[in-house]
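Asks: The following file, model31.txt, comprises compact mmCIF, C-alpha atoms:
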# COMPACT_ATOMS: atom_id res chain seq x y z
CA MET U 1 17.54 9.59 11.53
CA ASN U 2 15.65 8.18 14.48
CA ILE U 3 12.75 5.91 13.57
CA PRO U 4 9.96 6.25 16.16
CA ILE U 5 8.69 2.99 17.62
CA PRO U 6 4.96 3.09 18.43
CA ASN U 7 4.24 2.16 22.05
CA ARG U 8 2.49 -1.06 23.04
CA TRP U 9 -1.02 0.42 23.03
CA GLN U 10 -0.53 2.04 19.61
CA SER U 11 0.69 -1.27 18.22
CA LEU U 12 -2.31 -3.13 19.65
CA ALA U 13 -4.72 -0.54 18.29
CA THR U 14 -3.09 -0.80 14.86
CA LEU U 15 -3.33 -4.59 14.87
CA ALA U 16 -6.97 -4.45 15.92
CA GLY U 17 -7.72 -1.98 13.18
CA LEU U 18 -6.14 -4.22 10.58
CA LEU U 19 -8.03 -7.27 11.75
CA VAL U 20 -11.52 -5.77 11.98
CA PRO U 21 -12.06 -5.54 8.19
CA ALA U 22 -10.39 -8.93 7.81
CA LEU U 23 -12.76 -10.48 10.33
CA ALA U 24 -15.66 -9.02 8.41
CA LEU U 25 -14.30 -10.68 5.29
CA ALA U 26 -14.32 -14.01 7.11
CA HIS U 27 -18.11 -14.07 7.05
CA VAL U 28 -18.09 -13.84 3.27
CA GLY U 29 -15.96 -16.89 2.44
CA GLN U 30 -15.08 -20.03 4.38
CA GLY U 31 -12.89 -21.87 1.86
CA ASP U 32 -9.39 -23.32 2.06
CA ILE U 33 -7.47 -21.44 4.79
CA ALA U 34 -3.89 -22.35 3.85
CA GLY U 35 -4.49 -21.83 0.16
CA GLY U 36 -6.29 -18.55 0.80
CA PHE U 37 -3.41 -17.21 2.91
CA VAL U 38 -0.77 -18.16 0.34
CA THR U 39 -2.86 -16.73 -2.49
CA GLY U 40 -3.35 -13.48 -0.59
CA LEU U 41 0.36 -13.35 0.16
CA GLU U 42 1.25 -13.82 -3.51
CA HIS U 43 -1.14 -11.33 -5.11
CA PRO U 44 0.54 -8.04 -4.13
CA ILE U 45 4.02 -9.46 -4.72
CA LEU U 46 3.30 -10.94 -8.14
CA GLY U 47 1.57 -7.84 -9.50
CA LEU U 48 4.14 -5.21 -10.51
CA ASP U 49 1.49 -2.47 -10.48
CA HIS U 50 0.80 -3.24 -6.83
CA VAL U 51 4.47 -3.68 -5.91
CA VAL U 52 5.69 -0.30 -7.18
CA ALA U 53 2.87 1.62 -5.49
CA MET U 54 3.33 -0.15 -2.15
CA VAL U 55 7.09 0.31 -2.19
CA ALA U 56 6.52 3.98 -3.04
CA VAL U 57 4.46 4.40 0.14
CA GLY U 58 7.45 3.21 2.17
CA LEU U 59 9.86 5.40 0.21
CA TRP U 60 7.70 8.48 0.68
CA GLY U 61 7.22 7.78 4.37
CA ALA U 62 10.98 7.48 4.88
CA GLN U 63 11.51 10.64 2.89
CA LEU U 64 8.99 12.56 5.02
CA GLY U 65 10.42 11.21 8.27
CA SER U 66 8.64 10.99 11.62
CA PRO U 67 5.74 10.38 12.08
CA ALA U 68 4.88 9.73 8.42
CA ILE U 69 7.46 6.94 8.26
CA TRP U 70 5.04 4.68 10.14
CA VAL U 71 1.70 6.48 9.71
CA LEU U 72 1.60 6.01 5.92
CA PRO U 73 2.57 2.29 5.97
CA VAL U 74 -0.11 1.68 8.63
CA THR U 75 -2.77 3.69 6.80
CA PHE U 76 -2.36 1.88 3.48
CA PRO U 77 -3.06 -1.74 4.58
CA LEU U 78 -5.77 -0.59 6.99
CA VAL U 79 -7.74 1.18 4.26
CA MET U 80 -6.80 -1.50 1.72
CA ALA U 81 -8.53 -4.12 3.87
CA PHE U 82 -11.66 -1.94 3.80
CA GLY U 83 -11.38 -1.69 0.00
CA GLY U 84 -11.10 -5.46 -0.15
CA LEU U 85 -14.31 -5.77 1.85
CA LEU U 86 -16.07 -3.51 -0.65
CA GLY U 87 -14.88 -5.78 -3.45
CA VAL U 88 -16.05 -8.96 -1.74
CA LEU U 89 -19.45 -7.40 -1.06
CA GLY U 90 -19.77 -6.53 -4.74
CA VAL U 91 -19.93 -2.75 -4.28
CA ASN U 92 -19.39 -1.13 -7.67
CA LEU U 93 -16.18 0.90 -7.93
CA PRO U 94 -15.40 2.05 -11.46
CA GLY U 95 -11.91 2.66 -12.84
CA VAL U 96 -10.08 0.39 -10.41
CA GLU U 97 -7.16 -0.48 -12.70
CA ILE U 98 -6.82 3.15 -13.74
CA GLY U 99 -6.79 4.14 -10.07
CA ILE U 100 -4.00 1.64 -9.41
CA ALA U 101 -1.91 2.99 -12.29
CA VAL U 102 -2.51 6.57 -11.19
CA SER U 103 -1.44 5.62 -7.66
CA ALA U 104 1.98 4.55 -8.95
CA ILE U 105 2.32 7.75 -11.01
CA THR U 106 1.28 10.02 -8.16
CA LEU U 107 3.23 8.35 -5.37
CA GLY U 108 6.28 8.12 -7.61
CA LEU U 109 6.05 11.84 -8.31
CA MET U 110 5.67 12.59 -4.60
CA VAL U 111 9.03 10.90 -4.04
CA THR U 112 10.65 12.40 -7.15
CA LEU U 113 9.64 15.95 -6.26
CA ALA U 114 10.14 15.37 -2.52
CA VAL U 115 6.65 16.79 -1.87
CA ARG U 116 6.05 17.43 1.84
CA PRO U 117 2.30 17.96 2.41
CA PRO U 118 0.70 18.00 5.88
CA LEU U 119 0.52 14.53 7.40
CA TRP U 120 -3.28 14.40 7.12
CA ALA U 121 -3.10 15.18 3.38
CA ALA U 122 -0.45 12.54 2.77
CA GLY U 123 -2.52 10.03 4.74
CA MET U 124 -5.68 10.81 2.78
CA LEU U 125 -3.84 10.45 -0.54
CA VAL U 126 -2.36 7.11 0.46
CA GLY U 127 -5.71 5.95 1.82
CA LEU U 128 -7.52 6.90 -1.38
CA PHE U 129 -5.20 4.79 -3.50
CA ALA U 130 -5.31 1.94 -0.98
CA ILE U 131 -9.04 1.55 -1.65
CA PHE U 132 -8.36 0.76 -5.32
CA HIS U 133 -5.63 -1.77 -4.48
CA GLY U 134 -7.78 -3.45 -1.83
CA TYR U 135 -10.82 -3.56 -4.08
CA ALA U 136 -8.81 -5.23 -6.84
CA HIS U 137 -7.63 -7.95 -4.43
CA GLY U 138 -10.93 -8.49 -2.65
CA GLY U 139 -13.21 -8.25 -5.65
CA ALA U 140 -11.59 -9.34 -8.88
CA GLU U 141 -8.78 -11.53 -7.54
CA LEU U 142 -10.26 -13.41 -4.56
CA PRO U 143 -10.60 -17.07 -5.62
CA GLU U 144 -14.00 -18.59 -4.87
CA SER U 145 -12.37 -21.52 -3.09
CA ALA U 146 -10.21 -19.35 -0.83
CA ASN U 147 -10.99 -18.47 2.77
CA ALA U 148 -11.58 -14.72 2.73
CA LEU U 149 -10.07 -14.08 6.18
CA ALA U 150 -6.89 -15.99 5.32
CA PHE U 151 -6.69 -14.23 1.96
CA ALA U 152 -7.09 -10.81 3.62
CA MET U 153 -4.43 -11.57 6.21
CA GLY U 154 -2.08 -12.74 3.47
CA PHE U 155 -2.35 -9.64 1.34
CA VAL U 156 -2.15 -7.31 4.36
CA ILE U 157 1.06 -9.01 5.50
CA ALA U 158 2.53 -8.93 1.98
CA THR U 159 1.62 -5.25 1.67
CA GLY U 160 3.26 -4.45 4.99
CA SER U 161 6.41 -6.25 3.85
CA LEU U 162 6.55 -4.16 0.69
CA HIS U 163 6.13 -0.99 2.75
CA VAL U 164 8.99 -2.05 5.03
CA THR U 165 11.14 -2.72 1.97
CA GLY U 166 10.42 0.81 0.76
CA ILE U 167 11.23 2.27 4.19
CA ILE U 168 14.56 0.44 4.38
CA ILE U 169 15.52 1.63 0.90
CA GLY U 170 14.25 5.12 1.74
CA LEU U 171 16.66 5.46 4.66
CA ILE U 172 19.39 6.31 2.13
CA ASN U 173 17.70 9.71 2.09
CA ARG U 174 20.00 10.75 4.96
CA TRP U 175 22.92 11.08 2.53
CA PRO U 176 23.10 13.53 -0.43
CA TRP U 177 23.72 10.73 -2.92
CA GLY U 178 20.84 8.82 -1.35
CA MET U 179 18.47 11.75 -1.82
CA ARG U 180 19.28 11.82 -5.53
CA SER U 181 18.94 8.04 -5.85
CA LEU U 182 15.63 8.07 -4.03
CA ARG U 183 14.19 10.72 -6.31
CA THR U 184 15.43 8.79 -9.34
CA GLY U 185 13.67 5.71 -7.99
CA GLY U 186 10.48 7.73 -7.59
CA ALA U 187 10.70 8.78 -11.23
CA ALA U 188 11.07 5.12 -12.24
CA ILE U 189 7.95 4.23 -10.24
CA ALA U 190 6.00 7.07 -11.89
CA ALA U 191 7.17 5.83 -15.30
CA CYS U 192 5.94 2.33 -14.46
CA GLY U 193 2.56 3.78 -13.51
CA LEU U 194 2.38 5.63 -16.82
CA TYR U 195 3.21 2.38 -18.62
CA PHE U 196 0.32 0.67 -16.82
CA LEU U 197 -2.03 3.56 -17.63
CA VAL U 198 -1.34 3.84 -21.37
CA PRO U 199 -3.37 0.76 -22.44
CA TYR U 200 -6.46 2.13 -20.66
CA LEU U 201 -6.02 5.55 -22.25
CA ALA U 202 -5.53 3.94 -25.67
CA GLY U 203 -8.71 1.93 -25.24
CA ALA U 204 -10.76 4.93 -24.12
With the file now loaded, output its structure as structure tokens.
Replies:
Amino acid sequence: MNIPIPNRWQSLATLAGLLVPALALAHVGQGDIAGGFVTGLEHPILGLDHVVAMVAVGLWGAQLGSPAIWVLPVTFPLVMAFGGLLGVLGVNLPGVEIGIAVSAITLGLMVTLAVRPPLWAAGMLVGLFAIFHGYAHGGAELPESANALAFAMGFVIATGSLHVTGIIIGLINRWPWGMRSLRTGGAAIAACGLYFLVPYLAGA
């Protein structure tokens, strides 16, 4: 399987797109830069609900192949940064934790069932869920003392790393045993999402 490498201009455009929402966040908070970056880096990695969904994006992208293998992992952090901005600005977004749990269920099922929608549909689905993840980081989890720009850069980098991890694992899809393993992993991610969702359903 050949993994397409975006050309220099595509890479620059992607980087600019990721930084624009982050720069907007910088005007909201001007706290500790180093602490904000480390905190932002830790949040996606330390939250299992975030980890499984972000890894699933990479798995699904690898399963779909080119160009989804890089389009989905670029779309998620880009839209997630926008969701974080909404959270920092205090825009009301109900059902955030439910949306995060549903993202793990849905993305896990996409991998389990090897669903192959059009690229635009896959991108929209990933982008929708990214808003919930970004909002949770930018709104509920951004420490008051943290620099918002540093925090945003930290969680975008951590998210990208989780996507890359998913892509690397997803490359086993080229072998028959790998296809089966990948789909089993998707089922495990969906099960995790259901586990996260149950407390909210029980409290409804």
Asks: So that each row is one residue of segment 38-133 of chain U with an atom at most 10 Å from segment 162-186 of chain U, can you give its shortest atom pair and the distance in Å to one decimal, using only C-alpha atoms, rows by chain and rising number, as JSON lines?
Replies:
{"residue": "U:Pro44", "atom": "CA", "partner": "U:Leu162", "partner_atom": "CA", "distance": 8.6}
{"residue": "U:Ile45", "atom": "CA", "partner": "U:Leu162", "partner_atom": "CA", "distance": 8.0}
{"residue": "U:His50", "atom": "CA", "partner": "U:Leu162", "partner_atom": "CA", "distance": 9.5}
{"residue": "U:Val51", "atom": "CA", "partner": "U:Leu162", "partner_atom": "CA", "distance": 6.9}
{"residue": "U:Val52", "atom": "CA", "partner": "U:Leu162", "partner_atom": "CA", "distance": 8.8}
{"residue": "U:Ala53", "atom": "CA", "partner": "U:Leu162", "partner_atom": "CA", "distance": 9.2}
{"residue": "U:Met54", "atom": "CA", "partner": "U:His163", "partner_atom": "CA", "distance": 5.7}
{"residue": "U:Val55", "atom": "CA", "partner": "U:Gly166", "partner_atom": "CA", "distance": 4.5}
{"residue": "U:Ala56", "atom": "CA", "partner": "U:Gly166", "partner_atom": "CA", "distance": 6.3}
{"residue": "U:Val57", "atom": "CA", "partner": "U:His163", "partner_atom": "CA", "distance": 6.2}
{"residue": "U:Gly58", "atom": "CA", "partner": "U:Gly166", "partner_atom": "CA", "distance": 4.1}
{"residue": "U:Leu59", "atom": "CA", "partner": "U:Gly166", "partner_atom": "CA", "distance": 4.7}
{"residue": "U:Trp60", "atom": "CA", "partner": "U:Gly170", "partner_atom": "CA", "distance": 7.4}
{"residue": "U:Gly61", "atom": "CA", "partner": "U:Ile167", "partner_atom": "CA", "distance": 6.8}
{"residue": "U:Ala62", "atom": "CA", "partner": "U:Gly170", "partner_atom": "CA", "distance": 5.1}
{"residue": "U:Gln63", "atom": "CA", "partner": "U:Gly170", "partner_atom": "CA", "distance": 6.3}
{"residue": "U:Leu64", "atom": "CA", "partner": "U:Asn173", "partner_atom": "CA", "distance": 9.6}
{"residue": "U:Gly65", "atom": "CA", "partner": "U:Leu171", "partner_atom": "CA", "distance": 9.2}
{"residue": "U:Ile69", "atom": "CA", "partner": "U:Ile167", "partner_atom": "CA", "distance": 7.3}
{"residue": "U:Trp70", "atom": "CA", "partner": "U:Ile167", "partner_atom": "CA", "distance": 8.9}
{"residue": "U:Leu72", "atom": "CA", "partner": "U:His163", "partner_atom": "CA", "distance": 8.9}
{"residue": "U:Pro73", "atom": "CA", "partner": "U:His163", "partner_atom": "CA", "distance": 5.8}
{"residue": "U:Val74", "atom": "CA", "partner": "U:His163", "partner_atom": "CA", "distance": 9.0}
{"residue": "U:Phe76", "atom": "CA", "partner": "U:His163", "partner_atom": "CA", "distance": 9.0}
{"residue": "U:Pro77", "atom": "CA", "partner": "U:His163", "partner_atom": "CA", "distance": 9.4}
{"residue": "U:Ala104", "atom": "CA", "partner": "U:Gly186", "partner_atom": "CA", "distance": 9.2}
{"residue": "U:Ile105", "atom": "CA", "partner": "U:Gly186", "partner_atom": "CA", "distance": 8.8}
{"residue": "U:Thr106", "atom": "CA", "partner": "U:Gly186", "partner_atom": "CA", "distance": 9.5}
{"residue": "U:Leu107", "atom": "CA", "partner": "U:Gly186", "partner_atom": "CA", "distance": 7.6}
{"residue": "U:Gly108", "atom": "CA", "partner": "U:Gly186", "partner_atom": "CA", "distance": 4.2}
{"residue": "U:Leu109", "atom": "CA", "partner": "U:Gly186", "partner_atom": "CA", "distance": 6.1}
{"residue": "U:Met110", "atom": "CA", "partner": "U:Gly186", "partner_atom": "CA", "distance": 7.5}
{"residue": "U:Val111", "atom": "CA", "partner": "U:Gly186", "partner_atom": "CA", "distance": 5.0}
{"residue": "U:Thr112", "atom": "CA", "partner": "U:Arg183", "partner_atom": "CA", "distance": 4.0}
{"residue": "U:Leu113", "atom": "CA", "partner": "U:Arg183", "partner_atom": "CA", "distance": 6.9}
{"residue": "U:Ala114", "atom": "CA", "partner": "U:Arg183", "partner_atom": "CA", "distance": 7.2}
Asks: Quick one: axis-aligned box around all listed atoms of segment 116-135 of chain U, 5 Å on every side, centre and edge lengths in Å to one decimal, written as JSON.
Replies:
{"center_x": -2.4, "center_y": 7.2, "center_z": 1.0, "size_x": 26.9, "size_y": 31.6, "size_z": 22.7}
Asks: Which one of U:Gly193, U:Gly127, U:Gly134, U:Gly47 sits closest to Leu85 of chain U if you count only C-alpha atoms?
Replies: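 The answer is U:Gly134, which sits nearest to Leu85 of chain U.
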Asks: So how many Å separate atom CA of Gly83 of chain U and atom CA of Phe129 of chain U, to one decimal?
Replies: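 Spanning atom CA of Gly83 of chain U to atom CA of Phe129 of chain U is a straight-line distance of 9.6 Å.
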Asks: Neighbouring residues of Leu46 of chain U were defined as those with any atom within 12 Å, considering all atoms listed in the file; residues of the same chain fewer than 6 positions away were excluded. Please report them as a list in words.
Replies: Val38, Thr39, Gly40, Val52, His137, Phe155, Ala158, Thr159 and Leu162 of chain U
Asks: Do you know which residues are at most 12 Å from Val102 of chain U counting only C-alpha atoms, after dropping those on the same chain fewer than 4 positions away, and could you put them as a PyMOL selection string?
Replies: chain U and resi 49-50+52-53+95-98+106-109+125-126+128-130+132-133+189-198+200-201
Asks: My list of candidates is U:Ala188, U:Val156, U:Pro118, U:Ala202. Which is closest to Ala81 of chain U when distances are computed with all atoms listed in the file?
Replies: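 Of the candidates, the smallest distance to Ala81 of chain U is held by U:Val156.
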Asks: Could you tell me how far atom CA of Val88 of chain U sits from atom CA of Ser161 of chain U, in Å to one decimal place?
Replies: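 Computing it gives 23.3 Å between the two atoms.
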Asks: Quick one: of U:Trp120, U:Tyr135, U:Phe82, U:Phe37, who's nearest to Phe151 of chain U, counting only C-alpha atoms?
Replies: U:Phe37
Asks: Measuring between all atoms listed in the file, which one of U:Asn92, U:Ser66, U:Ser103, U:Thr75 shows the shortest distance to Gly123 of chain U?
Replies: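 Looking at the shortest contact to Gly123 of chain U, the residue is U:Thr75.
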Asks: In Å to one decimal, how far is atom CA of Val91 of chain U from atom CA of Pro199 of chain U?
Replies: 24.8 Å
